[in-house]
Amino acid sequence: MRHWFNTIWNTRGLARWILVAGLVIVVAFVVLALLAPWVAPYEFNQSKVDGEKLPKLAHPSGDYWLGTNDQFYDIWSRVIWGARTALEVIFLSVAFSIVLGVPLGLVSGFVGGWVDRALVFVMDSLYALPSLLLAIVFSFLLRGPLGGGIVAAALSLTCIYIPQYFRVVRNTTVSTKEAVYVEAARAIGAPPRTIMRKYLFGNVVQSVPVIGTLNAADALSTLAALGFLGFGIQPTEASEWGYDLSRALDDAQAGTWWPALFPGLAIILLITGLTLVGEGLNETLNPALRRRRLIPVQMPAMRADDAIDARNV
Amino acid sequence: MSSSSGSLARYIAVRLLLVIPMIWVLLTIVFFLLRVAPGDPVSAAVGGKLSEEALDTRRAALGLDRPLIVQYLDYLGDVVRLDFGATISDNRPVLDIIRDQGGATLTLTIGAFLFALLIGLPLGRLAGRRRDTALDAGIRVFGVVSYAAPIFWVGIMLVILVVKLFPGWPTYDIASVTTKFTTEPRTHILLVDTILAGDGAAVQDVLKHHVLPCFALGLLLSGVIIRLVRVNVIQAMQGDYVEAARARGIPERQVVRRHAFRNALVPVITVIGLQVALTLSGAILTERTFNWPGLGTELVQYVTARDYVAVQGLVTFFALVVVIVSLLVDVLNALVDPRVRY
Amino acid sequence: MKSDDVVISARDLRVWYGTAGLPVRAVDGVSFEIRSGEILGLVGESGCGKSTLGRGLLGLLPDGAARDGELFFRERDMLRLKRREQHALRGRELGLIFQEPLTRLNPLMRISEHFSETLKTHHRGIGKDEIESRSLEALRVMGIPPTRFRAYPHEFSGGMRQRLMIALTLVLRPAFVVADEPTTALDVLVEAQIIRMLHDLRDTYETSLLLITHNLGIIAEACDRVAVMYAGRIVEIGDAHTVFRAPQHPYTRELLRSTISLSTTGLNYIEGAPPDLSDPPPGCRFHPRCPDAMQVCERRAPVPRVQPSGSRTECWAADHANGLVTLTEDERIPLAKEVIALADEA
C-alpha cells in the first residue's frame, strides 16, 4: 500500500496531471455529496416552500441557479442530491463486485479443472452480452424482492462487473501460479491456503484499483441509463440524474435546454473524473505504457585530436 | 494458393461449431435468470385484470405448471425452431415483434456504424500519425468525452440544437405519420420498403429521420473507434515491415496507407465486432431518446409491463444477434487476413 | 579525393540517440570508404553501434537520432540531402537487408505485390510484364521457384523469407547494400547458402556491400576488407586477410581468440562488457577491458594510425610496438585491472 502511494506520489509528467485532474473532480463531487444537506437549497423531492409551489420550468436565475424542471424541482438541488445517489451506488456496486468477483477468480484460477472451465465459459458468455441488457434483466428481477432503492440498483450493476474482475483475477492467478516463487513455496510445503493468501492475492490485487475506478465510471453511465429508461432508482427514493434526463426529454423537443443540460454535465464530469483517475493509475502502475521523452541531441564539435586522416588503406 | 478457399471454408465450419455451445450457455443463463425471478410471471403481467381461473388457464397455456426441466427443454426446442413464444400481456408472438420492429433497429445501428467509421477512422488515423501533438491530444479528448457523455444526453442536446437552429427538421420517430401509413410493409425495413415502393419523398423523409439518431449513436461508437485505430496505427507504424518498406524507398504516404493502416485495421475489425454489445446497449437508449419504433423500445415497454415471456424472447434474440455478429466478424477477419486461414 | 569507384565515404560520422538523459553515442566519429563491388565486413560485440552505423548510412534512424560529420554516396552529400531526395535514393541506390526476416514482409500482401510496389515506386510507368520478368529473375537468382510468386509471406520458412528480402532488395539493382546480420536468425546451413549468394551477387551486379555480423567466420569467407567496431568507434580497419593474420588492436586479437572452431582447445573470452555508450570511459574506450592497457590509454584517446601491416588502428600499444609514437616511461606503466568487477555487474 505504502509502496503504491509512493509510486503515485512520485509520478511526473502527463500521468500525474491526469491523475491530479481526475482526483480533483472526484473529490469535488464527494465533498458536494457529503455536504448536500447544507449546500442544496431544497430537499431532493421538495417542490413546495411553505405550501407554495416552486415555479415550473423557470429559467436559470439568481433564485434558482440552474432553473427548475417540469416537476417544480430546483435543478441545482437535484444535481447535488444526485451526486450523493450516484456515489453511493457506485461505491456499493464496486465494493460488491470486488468482494464477489475477486475471490471467485482466485479460487477458479487456483483450483483449475472443470470448475474453472465451466466458470470461465459462463463468465465469458455473460461478458459477451450487452451490459445494459444484463443490467435491465437484473433490475427486472431485483425490483420485486428489493424494491427500487439504492441497494437494488447497486446489485444490478454488480452483476455486470463480476465477470470483469473474475476474468482479470483468474488470468493473473493462473499465470502467477506457474511463477517460480510460487513453485518454490509449494516445494517447501506451504499449504494451498497460505499460497493463495500470501502469494497470489498480493499479486492479483495490483490490477484491482485500475479496473475498480474504470468500472466505477462505467457503473455511473449504466446507472444513469437505467434511470433514463425508468428501471433505476425509484423517483420517490432518491434524486437520480438519469431519471431527470428522461423527464427532460419532452421539454427538449420544445427547445427547453436547462433541465437536460445540467444533470448531463454532472454525469459527464464525474465519469471523466473517474476515467482520468483510472487512466492515471494505469499509466503510473504500468510504466510500460509510458513513452520515453527524448531530449534533442546536441553534438559538440569534434575535438582536434579526434580528427583523422580519411585517407584509406 | 489453391487451398486457401478450402481452408477458409473449414475455418468457418470450425468457428460455427464453436458457436453452438456458446449459444447454449447463453440460452441457459437467460432461461434460468428469468425463472429464478420470484413471483409468478402471469400475475405480474396481467394480475388484477383477470380472474383467478383465467390466470390459471393462461399459466397452463404457457406451460408454466410443468416441471422446470421440461419447460427448459421446451424453451431450447422452441429457440432452435426460432419460436420465441408469445407475450403474456398482449399475446403477440415475439417473432412478430422482431419482424415488425427489428428493421428500425437494424437501419439505426447500420447508420450509426457508418457515421462512426466516417468520424472514427480518419480521426484515429490522424491522431496515430501525429502522435503526441496538440492535434493528437485534441482528438483523444474528443474520443474520451464522446465515450463519457451518456448517449441519451448527447441525443437530447442534439434535439435542442436542431429544434432551435433548424426548426422543422425531424427530431423523433423513424418517419412522418403519412410515410408510415402509406408505405406497404414488404420487408418490414421501412427504408427498404420506401425504396421498393419507389416513393422518393418517402425515402427522403425516412433518411432525414435517421440522421439525428444515427449521428448520436455513431458519436458514441466513434470514440471507441478513434481509440482503437490510434493505438493500432501507432503499433503498426513501429512494425518491422513498415521499416522495411521505408528501406525500399516506398513513399511515406503509401507506407502509411498500404502497410501501416491496412495492418492496423485487422485488429480494429475484430474489436469493432466486439462492439455489437455496446451498439445494442446504445441502440436501446437511442431509441428511447428519439422515440424510435425499434426493438429497444419494445423491450423497455415489456420490461415495464413485467411481461417475462416477451423479455425472455427479446433477450434471447439479442444474445443470438451478438453471437452471430461476432461469428460474421471472425469470418470477415479471415477474409482480410490471410494468416488466419490455417 | 573521392575517386570514381568510391561508393560510400564517411568521415567523422557520428550518430547519436536522444534519450531521457545523456545522449547515446552509438556511432562516435567513424571514417571509412567502400569501393564499387567491394564487401566490407563490420564486426564487433552486440551494442557497439554496428547496426546504428548501417542504418545511419541510409538515414533510417528512429525519432530523436541525429547525424553529424560527412557522408557521401558517390557525389551526393547525404547529410545535406532533403528528406524526399534521401527517401528516393533508398531502395533504388541504397538497400538494406534486415536481421530478422520473419516480420519484415507485410503479412497482408502477396510476394508479387511487394515486388510490384517496389518496382513501381522507383520506375514510373513500368509495365506488368517487365515487373514480372524482373521479379522472377531476382527470385531465380535467390533460388525461389516462380510458382511461389503469388504466395503470402506466412507461407515461407525463415530462410526463404530472408532470400525473398534479399531478392526484393536486389530487384532494384542498388549500388550499395547494407546487410545487417542477415543470417543471425537462421540456422547454420541456410546461413552458408545466403552468405554464398551475397558473395556471388557482387560478381553479378557489381553491388557494394556492408556486411554487419558478429560471426568472424563469415567475414573470412565473404569479405574483402573488415572493420572492427568497439563502443561507437572503428578501432581497426584493413584488408580482411591482413587483419585476421596480424591483428593490430588488442580487441581484434581477443575477438579472434574467442572464436570457436574445430581446433579450439579452450574457451577464450574478453572479460567485462562493452561500456555504456551514453558515458563511455575516458581515453581509449577499450582500456578497462584491455590486457595491454597502459597509463596513457586511460588519459588520452589514441589516434587512428596506419600500421606497417597496412591496417589502420586506434591503439597506443600498437602505435608503440610499431614505433609510430614515443611514450614516456610513466605513460607505459601497465594499468591495474580493478574495473572488471564493475563491468561484470553491468
# chains A, B, ... in the order shown; residues from 1 in each chain; ligands from 1
$ select_by_dssp --residues "range 6-218 of chain C" --states "alpha helix (DSSP H)" --output "ChimeraX atom specification"
/C:50-58,83-89,111-122,128-141,158-170,188-205,216-218
$ closest_atom_pairs --of "chain C" --to "chain B" --cutoff "8 Å" --atoms "only C-alpha atoms" --output "JSON lines"
{"residue": "C:Leu58", "atom": "CA", "partner": "B:Ala247", "partner_atom": "CA", "distance": 7.9}
{"residue": "C:Leu60", "atom": "CA", "partner": "B:Ala247", "partner_atom": "CA", "distance": 7.1}
{"residue": "C:His87", "atom": "CA", "partner": "B:Gly249", "partner_atom": "CA", "distance": 5.4}
{"residue": "C:Ala88", "atom": "CA", "partner": "B:Gly249", "partner_atom": "CA", "distance": 5.7}
{"residue": "C:Leu89", "atom": "CA", "partner": "B:Gly249", "partner_atom": "CA", "distance": 6.9}
{"residue": "C:Arg90", "atom": "CA", "partner": "B:Gly249", "partner_atom": "CA", "distance": 4.5}
{"residue": "C:Gly91", "atom": "CA", "partner": "B:Arg248", "partner_atom": "CA", "distance": 3.8}
{"residue": "C:Arg92", "atom": "CA", "partner": "B:Gly249", "partner_atom": "CA", "distance": 7.2}
{"residue": "C:Gly95", "atom": "CA", "partner": "B:Ala247", "partner_atom": "CA", "distance": 6.7}
{"residue": "C:Leu96", "atom": "CA", "partner": "B:Ala247", "partner_atom": "CA", "distance": 6.2}
{"residue": "C:Phe98", "atom": "CA", "partner": "B:Ala244", "partner_atom": "CA", "distance": 7.8}
{"residue": "C:Thr103", "atom": "CA", "partner": "B:Asp240", "partner_atom": "CA", "distance": 5.7}
{"residue": "C:Arg104", "atom": "CA", "partner": "B:Tyr241", "partner_atom": "CA", "distance": 4.0}
{"residue": "C:Leu105", "atom": "CA", "partner": "B:Tyr241", "partner_atom": "CA", "distance": 5.1}
{"residue": "C:Asn106", "atom": "CA", "partner": "B:Tyr241", "partner_atom": "CA", "distance": 5.4}
{"residue": "C:Pro107", "atom": "CA", "partner": "B:Arg339", "partner_atom": "CA", "distance": 7.4}
{"residue": "C:Leu108", "atom": "CA", "partner": "B:Asp337", "partner_atom": "CA", "distance": 6.0}
{"residue": "C:Glu117", "atom": "CA", "partner": "B:Ile250", "partner_atom": "CA", "distance": 7.8}
{"residue": "C:Thr118", "atom": "CA", "partner": "B:Arg248", "partner_atom": "CA", "distance": 6.7}
{"residue": "C:Thr121", "atom": "CA", "partner": "B:Ile250", "partner_atom": "CA", "distance": 6.2}
{"residue": "C:His122", "atom": "CA", "partner": "B:Gly249", "partner_atom": "CA", "distance": 7.9}
{"residue": "C:Arg150", "atom": "CA", "partner": "B:Met1", "partner_atom": "CA", "distance": 7.6}
{"residue": "C:Ala151", "atom": "CA", "partner": "B:Met1", "partner_atom": "CA", "distance": 6.5}
{"residue": "C:Tyr152", "atom": "CA", "partner": "B:Pro338", "partner_atom": "CA", "distance": 7.4}
{"residue": "C:His154", "atom": "CA", "partner": "B:Arg339", "partner_atom": "CA", "distance": 6.6}
{"residue": "C:Thr169", "atom": "CA", "partner": "B:Arg248", "partner_atom": "CA", "distance": 7.0}
$ write_last_selection --atoms "N, CA and C atoms" --output "PDB file, in the first residue's frame"
ATOM      1  N   LEU C  58      21.974   4.858 -44.372  1.00  0.00           N
ATOM      2  CA  LEU C  58      20.787   5.010 -45.203  1.00  0.00           C
ATOM      3  C   LEU C  58      19.849   6.096 -44.683  1.00  0.00           C
ATOM      4  N   LEU C  60      18.040   5.737 -42.044  1.00  0.00           N
ATOM      5  CA  LEU C  60      16.851   5.076 -41.478  1.00  0.00           C
ATOM      6  C   LEU C  60      17.001   5.022 -39.968  1.00  0.00           C
ATOM      7  N   HIS C  87      14.826   9.795 -49.373  1.00  0.00           N
ATOM      8  CA  HIS C  87      13.852   8.717 -49.483  1.00  0.00           C
ATOM      9  C   HIS C  87      13.908   8.073 -50.864  1.00  0.00           C
ATOM     10  N   ALA C  88      14.063   8.938 -51.884  1.00  0.00           N
ATOM     11  CA  ALA C  88      14.065   8.426 -53.252  1.00  0.00           C
ATOM     12  C   ALA C  88      15.295   7.571 -53.525  1.00  0.00           C
ATOM     13  N   LEU C  89      16.407   7.873 -52.832  1.00  0.00           N
ATOM     14  CA  LEU C  89      17.626   7.076 -53.023  1.00  0.00           C
ATOM     15  C   LEU C  89      17.465   5.680 -52.446  1.00  0.00           C
ATOM     16  N   ARG C  90      16.701   5.611 -51.355  1.00  0.00           N
ATOM     17  CA  ARG C  90      16.559   4.348 -50.648  1.00  0.00           C
ATOM     18  C   ARG C  90      15.841   3.339 -51.522  1.00  0.00           C
ATOM     19  N   GLY C  91      16.349   2.156 -51.570  1.00  0.00           N
ATOM     20  CA  GLY C  91      15.733   1.136 -52.393  1.00  0.00           C
ATOM     21  C   GLY C  91      16.388   1.113 -53.753  1.00  0.00           C
ATOM     22  N   ARG C  92      16.352   2.250 -54.424  1.00  0.00           N
ATOM     23  CA  ARG C  92      16.893   2.278 -55.773  1.00  0.00           C
ATOM     24  C   ARG C  92      18.422   2.223 -55.775  1.00  0.00           C
ATOM     25  N   GLY C  95      20.329  -0.164 -50.484  1.00  0.00           N
ATOM     26  CA  GLY C  95      19.437  -1.214 -49.999  1.00  0.00           C
ATOM     27  C   GLY C  95      19.782  -1.611 -48.583  1.00  0.00           C
ATOM     28  N   LEU C  96      18.807  -2.235 -47.905  1.00  0.00           N
ATOM     29  CA  LEU C  96      19.052  -2.701 -46.541  1.00  0.00           C
ATOM     30  C   LEU C  96      18.433  -4.079 -46.392  1.00  0.00           C
ATOM     31  N   PHE C  98      17.612  -6.906 -43.581  1.00  0.00           N
ATOM     32  CA  PHE C  98      17.453  -6.858 -42.133  1.00  0.00           C
ATOM     33  C   PHE C  98      17.873  -8.153 -41.459  1.00  0.00           C
ATOM     34  N   THR C 103       9.497 -10.912 -39.850  1.00  0.00           N
ATOM     35  CA  THR C 103       8.462  -9.898 -39.686  1.00  0.00           C
ATOM     36  C   THR C 103       8.638  -8.733 -40.650  1.00  0.00           C
ATOM     37  N   ARG C 104       9.509  -8.907 -41.634  1.00  0.00           N
ATOM     38  CA  ARG C 104       9.824  -7.771 -42.497  1.00  0.00           C
ATOM     39  C   ARG C 104       8.923  -7.664 -43.722  1.00  0.00           C
ATOM     40  N   LEU C 105       8.127  -8.681 -43.970  1.00  0.00           N
ATOM     41  CA  LEU C 105       7.222  -8.613 -45.112  1.00  0.00           C
ATOM     42  C   LEU C 105       5.826  -8.323 -44.600  1.00  0.00           C
ATOM     43  N   ASN C 106       5.114  -7.495 -45.317  1.00  0.00           N
ATOM     44  CA  ASN C 106       3.755  -7.150 -44.916  1.00  0.00           C
ATOM     45  C   ASN C 106       2.870  -8.393 -45.006  1.00  0.00           C
ATOM     46  N   PRO C 107       2.337  -8.863 -43.865  1.00  0.00           N
ATOM     47  CA  PRO C 107       1.608 -10.135 -43.867  1.00  0.00           C
ATOM     48  C   PRO C 107       0.367 -10.122 -44.750  1.00  0.00           C
ATOM     49  N   LEU C 108      -0.134  -8.934 -45.070  1.00  0.00           N
ATOM     50  CA  LEU C 108      -1.377  -8.871 -45.839  1.00  0.00           C
ATOM     51  C   LEU C 108      -1.123  -8.796 -47.342  1.00  0.00           C
ATOM     52  N   GLU C 117       5.012  -3.255 -55.992  1.00  0.00           N
ATOM     53  CA  GLU C 117       5.014  -1.968 -55.290  1.00  0.00           C
ATOM     54  C   GLU C 117       6.409  -1.343 -55.341  1.00  0.00           C
ATOM     55  N   THR C 118       7.412  -2.168 -55.060  1.00  0.00           N
ATOM     56  CA  THR C 118       8.784  -1.664 -55.031  1.00  0.00           C
ATOM     57  C   THR C 118       9.213  -1.173 -56.412  1.00  0.00           C
ATOM     58  N   THR C 121       7.391   2.005 -57.526  1.00  0.00           N
ATOM     59  CA  THR C 121       7.836   3.206 -56.822  1.00  0.00           C
ATOM     60  C   THR C 121       9.042   3.833 -57.520  1.00  0.00           C
ATOM     61  N   HIS C 122       9.947   2.987 -57.959  1.00  0.00           N
ATOM     62  CA  HIS C 122      11.201   3.532 -58.464  1.00  0.00           C
ATOM     63  C   HIS C 122      11.269   3.620 -59.990  1.00  0.00           C
ATOM     64  N   ARG C 150       3.045 -15.778 -56.142  1.00  0.00           N
ATOM     65  CA  ARG C 150       1.813 -15.174 -55.636  1.00  0.00           C
ATOM     66  C   ARG C 150       1.437 -15.638 -54.235  1.00  0.00           C
ATOM     67  N   ALA C 151       2.386 -16.227 -53.519  1.00  0.00           N
ATOM     68  CA  ALA C 151       2.085 -16.703 -52.174  1.00  0.00           C
ATOM     69  C   ALA C 151       2.152 -15.552 -51.169  1.00  0.00           C
ATOM     70  N   TYR C 152       1.647 -15.819 -49.973  1.00  0.00           N
ATOM     71  CA  TYR C 152       1.731 -14.848 -48.887  1.00  0.00           C
ATOM     72  C   TYR C 152       2.976 -15.122 -48.044  1.00  0.00           C
ATOM     73  N   HIS C 154       3.503 -15.601 -44.940  1.00  0.00           N
ATOM     74  CA  HIS C 154       3.487 -16.610 -43.883  1.00  0.00           C
ATOM     75  C   HIS C 154       3.640 -18.026 -44.422  1.00  0.00           C
ATOM     76  N   THR C 169      15.372  -6.631 -52.282  1.00  0.00           N
ATOM     77  CA  THR C 169      16.343  -5.539 -52.238  1.00  0.00           C
ATOM     78  C   THR C 169      17.089  -5.436 -53.568  1.00  0.00           C
TER      79      THR C 169
END
$ residues_around --residues "range 183-190 of chain B" --least-positions-apart "4" --cutoff "9 Å" --atoms "only C-alpha atoms" --output "list of chain:residue names"
B:Arg99, B:Asp100, B:Gln101, B:Gly102, B:Gly103, B:Ala104, B:Leu106, B:Thr107, B:Ile174, B:Ala175, B:Thr178, B:Thr179, B:Thr194, B:Ile195, B:Leu196, B:Ala197, B:Asp199, B:Ala202, B:Val203, B:Val206
$ interface_residues --of "chain C" --to "chain A" --cutoff "10 Å" --atoms "only C-alpha atoms" --output "number ranges by chain"
C: 1-2, 9-12, 14-25, 28-34, 63-69, 237-239, 300-307, 310-312
$ write_last_selection --atoms "N, CA and C atoms" --output "compact mmCIF listing (two decimals), in the first residue's frame"
# COMPACT_ATOMS: atom_id res chain seq x y z
N MET C 1 39.80 13.67 -54.27
CA MET C 1 39.85 12.84 -53.08
C MET C 1 38.90 11.65 -53.20
N LYS C 2 37.68 11.93 -53.73
CA LYS C 2 36.77 10.81 -53.88
C LYS C 2 36.91 10.25 -55.30
N SER C 9 31.57 7.09 -48.70
CA SER C 9 32.71 7.63 -47.99
C SER C 9 32.20 8.36 -46.76
N ALA C 10 32.67 7.93 -45.59
CA ALA C 10 32.23 8.54 -44.33
C ALA C 10 33.45 9.14 -43.66
N ARG C 11 33.27 10.30 -43.07
CA ARG C 11 34.38 10.94 -42.38
C ARG C 11 33.85 11.55 -41.09
N ASP C 12 34.42 11.12 -39.99
CA ASP C 12 33.99 11.60 -38.67
C ASP C 12 32.48 11.49 -38.50
N ARG C 14 29.04 10.70 -37.06
CA ARG C 14 28.51 10.43 -35.73
C ARG C 14 27.00 10.22 -35.81
N VAL C 15 26.51 9.26 -35.07
CA VAL C 15 25.07 9.05 -34.94
C VAL C 15 24.76 8.91 -33.47
N TRP C 16 24.03 9.86 -32.94
CA TRP C 16 23.71 9.83 -31.51
C TRP C 16 22.20 9.71 -31.35
N TYR C 17 21.82 8.99 -30.31
CA TYR C 17 20.39 8.86 -30.00
C TYR C 17 20.02 9.77 -28.84
N GLY C 18 18.92 10.46 -28.98
CA GLY C 18 18.41 11.22 -27.85
C GLY C 18 17.71 10.27 -26.88
N THR C 19 17.89 10.47 -25.58
CA THR C 19 17.18 9.68 -24.58
C THR C 19 16.60 10.64 -23.57
N ALA C 20 16.07 10.08 -22.49
CA ALA C 20 15.57 10.95 -21.43
C ALA C 20 16.74 11.59 -20.68
N GLY C 21 17.93 10.98 -20.77
CA GLY C 21 19.10 11.53 -20.07
C GLY C 21 20.17 11.95 -21.06
N LEU C 22 21.40 11.45 -20.85
CA LEU C 22 22.50 11.76 -21.76
C LEU C 22 22.26 11.08 -23.10
N PRO C 23 22.69 11.72 -24.21
CA PRO C 23 22.53 11.05 -25.50
C PRO C 23 23.42 9.80 -25.58
N VAL C 24 22.93 8.80 -26.31
CA VAL C 24 23.72 7.59 -26.51
C VAL C 24 24.58 7.79 -27.75
N ARG C 25 25.90 7.70 -27.57
CA ARG C 25 26.80 7.96 -28.70
C ARG C 25 27.08 6.65 -29.42
N ASP C 28 30.40 7.20 -33.01
CA ASP C 28 31.01 8.41 -32.47
C ASP C 28 32.29 8.75 -33.19
N GLY C 29 32.15 9.15 -34.46
CA GLY C 29 33.33 9.57 -35.21
C GLY C 29 34.00 8.42 -35.94
N VAL C 30 33.36 7.92 -36.97
CA VAL C 30 34.00 6.86 -37.75
C VAL C 30 34.26 7.35 -39.17
N SER C 31 35.34 6.82 -39.73
CA SER C 31 35.71 7.19 -41.10
C SER C 31 36.07 5.93 -41.86
N PHE C 32 35.51 5.79 -43.05
CA PHE C 32 35.88 4.66 -43.91
C PHE C 32 35.35 4.92 -45.31
N GLU C 33 35.79 4.09 -46.25
CA GLU C 33 35.29 4.16 -47.63
C GLU C 33 34.94 2.77 -48.09
N ILE C 34 33.96 2.70 -48.98
CA ILE C 34 33.65 1.42 -49.61
C ILE C 34 33.68 1.65 -51.11
N ASP C 63 13.12 8.35 -34.37
CA ASP C 63 12.97 9.73 -33.93
C ASP C 63 13.98 10.04 -32.84
N GLY C 64 14.49 11.22 -32.86
CA GLY C 64 15.38 11.64 -31.79
C GLY C 64 16.83 11.31 -32.06
N ALA C 65 17.12 10.68 -33.22
CA ALA C 65 18.51 10.40 -33.55
C ALA C 65 19.05 11.53 -34.41
N ALA C 66 20.35 11.79 -34.29
CA ALA C 66 20.94 12.86 -35.09
C ALA C 66 22.24 12.37 -35.72
N ARG C 67 22.50 12.87 -36.95
CA ARG C 67 23.75 12.51 -37.64
C ARG C 67 24.61 13.75 -37.80
N ASP C 68 25.90 13.53 -37.80
CA ASP C 68 26.82 14.66 -37.96
C ASP C 68 28.09 14.14 -38.59
N GLY C 69 28.86 15.04 -39.18
CA GLY C 69 30.09 14.65 -39.84
C GLY C 69 29.92 14.75 -41.34
N ILE C 237 40.72 -1.23 -39.11
CA ILE C 237 40.12 -1.47 -40.41
C ILE C 237 41.25 -1.81 -41.39
N GLY C 238 41.00 -2.80 -42.22
CA GLY C 238 42.05 -3.16 -43.17
C GLY C 238 41.63 -4.35 -44.01
N ASP C 239 42.57 -4.81 -44.83
CA ASP C 239 42.35 -5.97 -45.66
C ASP C 239 42.01 -7.17 -44.77
N ARG C 300 44.54 9.58 -22.55
CA ARG C 300 44.34 10.19 -23.86
C ARG C 300 43.77 9.18 -24.84
N ALA C 301 42.86 9.64 -25.68
CA ALA C 301 42.32 8.75 -26.69
C ALA C 301 43.36 8.53 -27.77
N PRO C 302 43.54 7.30 -28.23
CA PRO C 302 44.50 7.05 -29.30
C PRO C 302 43.99 7.61 -30.62
N VAL C 303 44.91 7.88 -31.53
CA VAL C 303 44.57 8.47 -32.83
C VAL C 303 44.69 7.36 -33.87
N PRO C 304 43.81 7.34 -34.88
CA PRO C 304 43.94 6.30 -35.90
C PRO C 304 45.25 6.46 -36.66
N ARG C 305 46.00 5.39 -36.75
CA ARG C 305 47.25 5.44 -37.49
C ARG C 305 47.38 4.20 -38.35
N VAL C 306 47.94 4.39 -39.52
CA VAL C 306 48.16 3.25 -40.39
C VAL C 306 49.40 2.51 -39.92
N GLN C 307 49.23 1.25 -39.58
CA GLN C 307 50.33 0.43 -39.07
C GLN C 307 51.12 -0.14 -40.26
N GLY C 310 49.57 -2.37 -42.78
CA GLY C 310 48.62 -1.81 -43.74
C GLY C 310 47.27 -1.53 -43.13
N SER C 311 46.98 -2.08 -41.96
CA SER C 311 45.70 -1.79 -41.31
C SER C 311 45.76 -0.44 -40.61
N ARG C 312 44.59 0.17 -40.46
CA ARG C 312 44.53 1.42 -39.71
C ARG C 312 43.96 1.09 -38.34
$ residues_around --residues "range 209-212 of chain A" --least-positions-apart "3" --cutoff "9 Å" --atoms "only C-alpha atoms" --output "list in words"
Val94, Ala95, Ile98, Gln164, Tyr165, Val168, Val205, Gln206, Asn215, Ala216, Ala217, Val277, Gly278, Glu279, Gly280, Leu281, Asn282 and Leu285 of chain A
$ write_last_selection --atoms "C-alpha atoms" --output "JSON list (two decimals), in the first residue's frame"
[["chain", "number", "residue", "atom", "x", "y", "z"],
["A", 94, "VAL", "CA", -17.76, -1.61, -6.96],
["A", 95, "ALA", "CA", -17.44, -2.96, -3.42],
["A", 98, "ILE", "CA", -14.80, -6.82, -5.83],
["A", 164, "GLN", "CA", -14.64, -8.46, -15.50],
["A", 165, "TYR", "CA", -13.00, -8.90, -12.09],
["A", 168, "VAL", "CA", -8.61, -10.43, -14.77],
["A", 205, "VAL", "CA", -4.92, -7.20, -6.19],
["A", 206, "GLN", "CA", -2.46, -4.98, -8.07],
["A", 215, "ASN", "CA", -15.70, 0.26, -13.69],
["A", 216, "ALA", "CA", -16.92, 2.99, -11.39],
["A", 217, "ALA", "CA", -17.07, 5.31, -14.40],
["A", 277, "VAL", "CA", -8.14, 8.61, -12.18],
["A", 278, "GLY", "CA", -8.28, 5.15, -13.72],
["A", 279, "GLU", "CA", -6.10, 6.07, -16.69],
["A", 280, "GLY", "CA", -3.69, 7.94, -14.47],
["A", 281, "LEU", "CA", -3.38, 4.96, -12.11],
["A", 282, "ASN", "CA", -2.96, 2.69, -15.10],
["A", 285, "LEU", "CA", 1.25, 1.43, -12.13]]
$ closest_residue --among "B:Ala116, B:Val25, B:Val19, B:Val233" --to "Ala118 in chain A" --atoms "only C-alpha atoms"
B:Val25
$ interface_residues --of "chain A" --to "chain B" --cutoff "8 Å" --atoms "only C-alpha atoms" --output "PyMOL selection string"
chain A and resi 121-122+125-126+128-133+137+140-142+144-145+221+224-225+229+231+245+249+252-257+260-261+264+267-268+271-272
$ residues_around --residues "Cys48 in chain C" --least-positions-apart "4" --cutoff "9 Å" --atoms "only C-alpha atoms" --output "JSON, numbers by chain"
{"C": [26, 27, 44, 52, 229, 230, 231, 232, 233, 274, 275, 277]}
$ atom_distance --atom1 "CA of Val107 in chain A" --atom2 "CA of Pro192 in chain A"
10.6 Å
$ closest_residue --among "A:Ala190, A:Val204, A:Leu54, A:Ala219" --to "Ser93 in chain A" --atoms "only C-alpha atoms"
A:Ala219
$ residues_around --residues "range 329-336 of chain C" --least-positions-apart "5" --cutoff "12 Å" --atoms "only C-alpha atoms" --output "tab-separated table (two decimals) with C-alpha atoms, in the first residue's frame"
chain	number	residue	atom	x	y	z
C	287	HIS	CA	41.14	0.35	-21.76
C	288	PRO	CA	39.04	-1.06	-18.88
C	289	ARG	CA	38.95	-4.46	-20.61
C	290	CYS	CA	42.27	-4.34	-22.46
C	291	PRO	CA	45.00	-6.80	-21.45
C	292	ASP	CA	47.66	-4.41	-22.84
C	293	ALA	CA	46.31	-1.24	-21.21
C	294	MET	CA	48.89	1.34	-20.11
C	295	GLN	CA	48.62	4.58	-18.16
C	296	VAL	CA	48.33	6.61	-21.36
C	297	CYS	CA	45.29	4.62	-22.51
C	298	GLU	CA	43.24	5.95	-19.64
C	299	ARG	CA	44.35	9.54	-20.15
C	300	ARG	CA	44.34	10.19	-23.86
C	316	TRP	CA	48.54	3.20	-28.18
C	317	ALA	CA	50.03	-0.26	-27.67
C	319	ASP	CA	51.48	2.52	-32.14
C	320	HIS	CA	54.20	2.00	-29.56
C	321	ALA	CA	55.11	-1.53	-30.65
$ residues_around --residues "Gly109 in chain A" --least-positions-apart "4" --cutoff "6 Å" --atoms "only C-alpha atoms" --output "JSON, numbers by chain"
{"A": [105, 170, 173, 174]}
$ write_last_selection --atoms "C-alpha atoms" --output "short mmCIF file (atom, residue, chain, number, x, y, z; two decimals), in the first residue's frame"
data_model
loop_
_atom_site.label_atom_id
_atom_site.label_comp_id
_atom_site.auth_asym_id
_atom_site.auth_seq_id
_atom_site.Cartn_x
_atom_site.Cartn_y
_atom_site.Cartn_z
CA GLY A 105 -11.48 -15.56 -9.82
CA ARG A 170 -8.42 -15.56 -12.76
CA THR A 173 -3.85 -16.22 -10.80
CA VAL A 174 -3.24 -18.82 -13.47
#
$ select_by_dssp --residues "range 165-304 of chain C" --states "strand (DSSP E)" --output "list in words"
Phe176, Val177, Val178, Ala179, Asp180, Ser208, Leu209, Leu210, Leu211, Ile212, Arg225, Val226, Ala227, Val228, Met229, Tyr230, Arg233, Ile234, Val235, Glu236, Ile237, Gly238 and Asp239 of chain C
$ closest_residue --among "C:Leu267, C:Arg202, C:Gly283, C:Leu42" --to "Leu216 in chain C" --atoms "only C-alpha atoms"
C:Leu42
$ decode --residues "range 200-209 of chain B" --atoms "C-alpha atoms" --output "CSV table (one decimal), in the first residue's frame"
chain,number,residue,atom,x,y,z
B,200,GLY,CA,-38.8,9.4,-53.5
B,201,ALA,CA,-40.4,11.8,-51.0
B,202,ALA,CA,-40.9,8.9,-48.5
B,203,VAL,CA,-37.3,7.8,-48.9
B,204,GLN,CA,-36.1,11.3,-48.2
B,205,ASP,CA,-38.4,11.5,-45.2
B,206,VAL,CA,-37.1,8.3,-43.7
B,207,LEU,CA,-33.5,9.3,-44.3
B,208,LYS,CA,-34.0,12.7,-42.7
B,209,HIS,CA,-35.4,11.0,-39.6
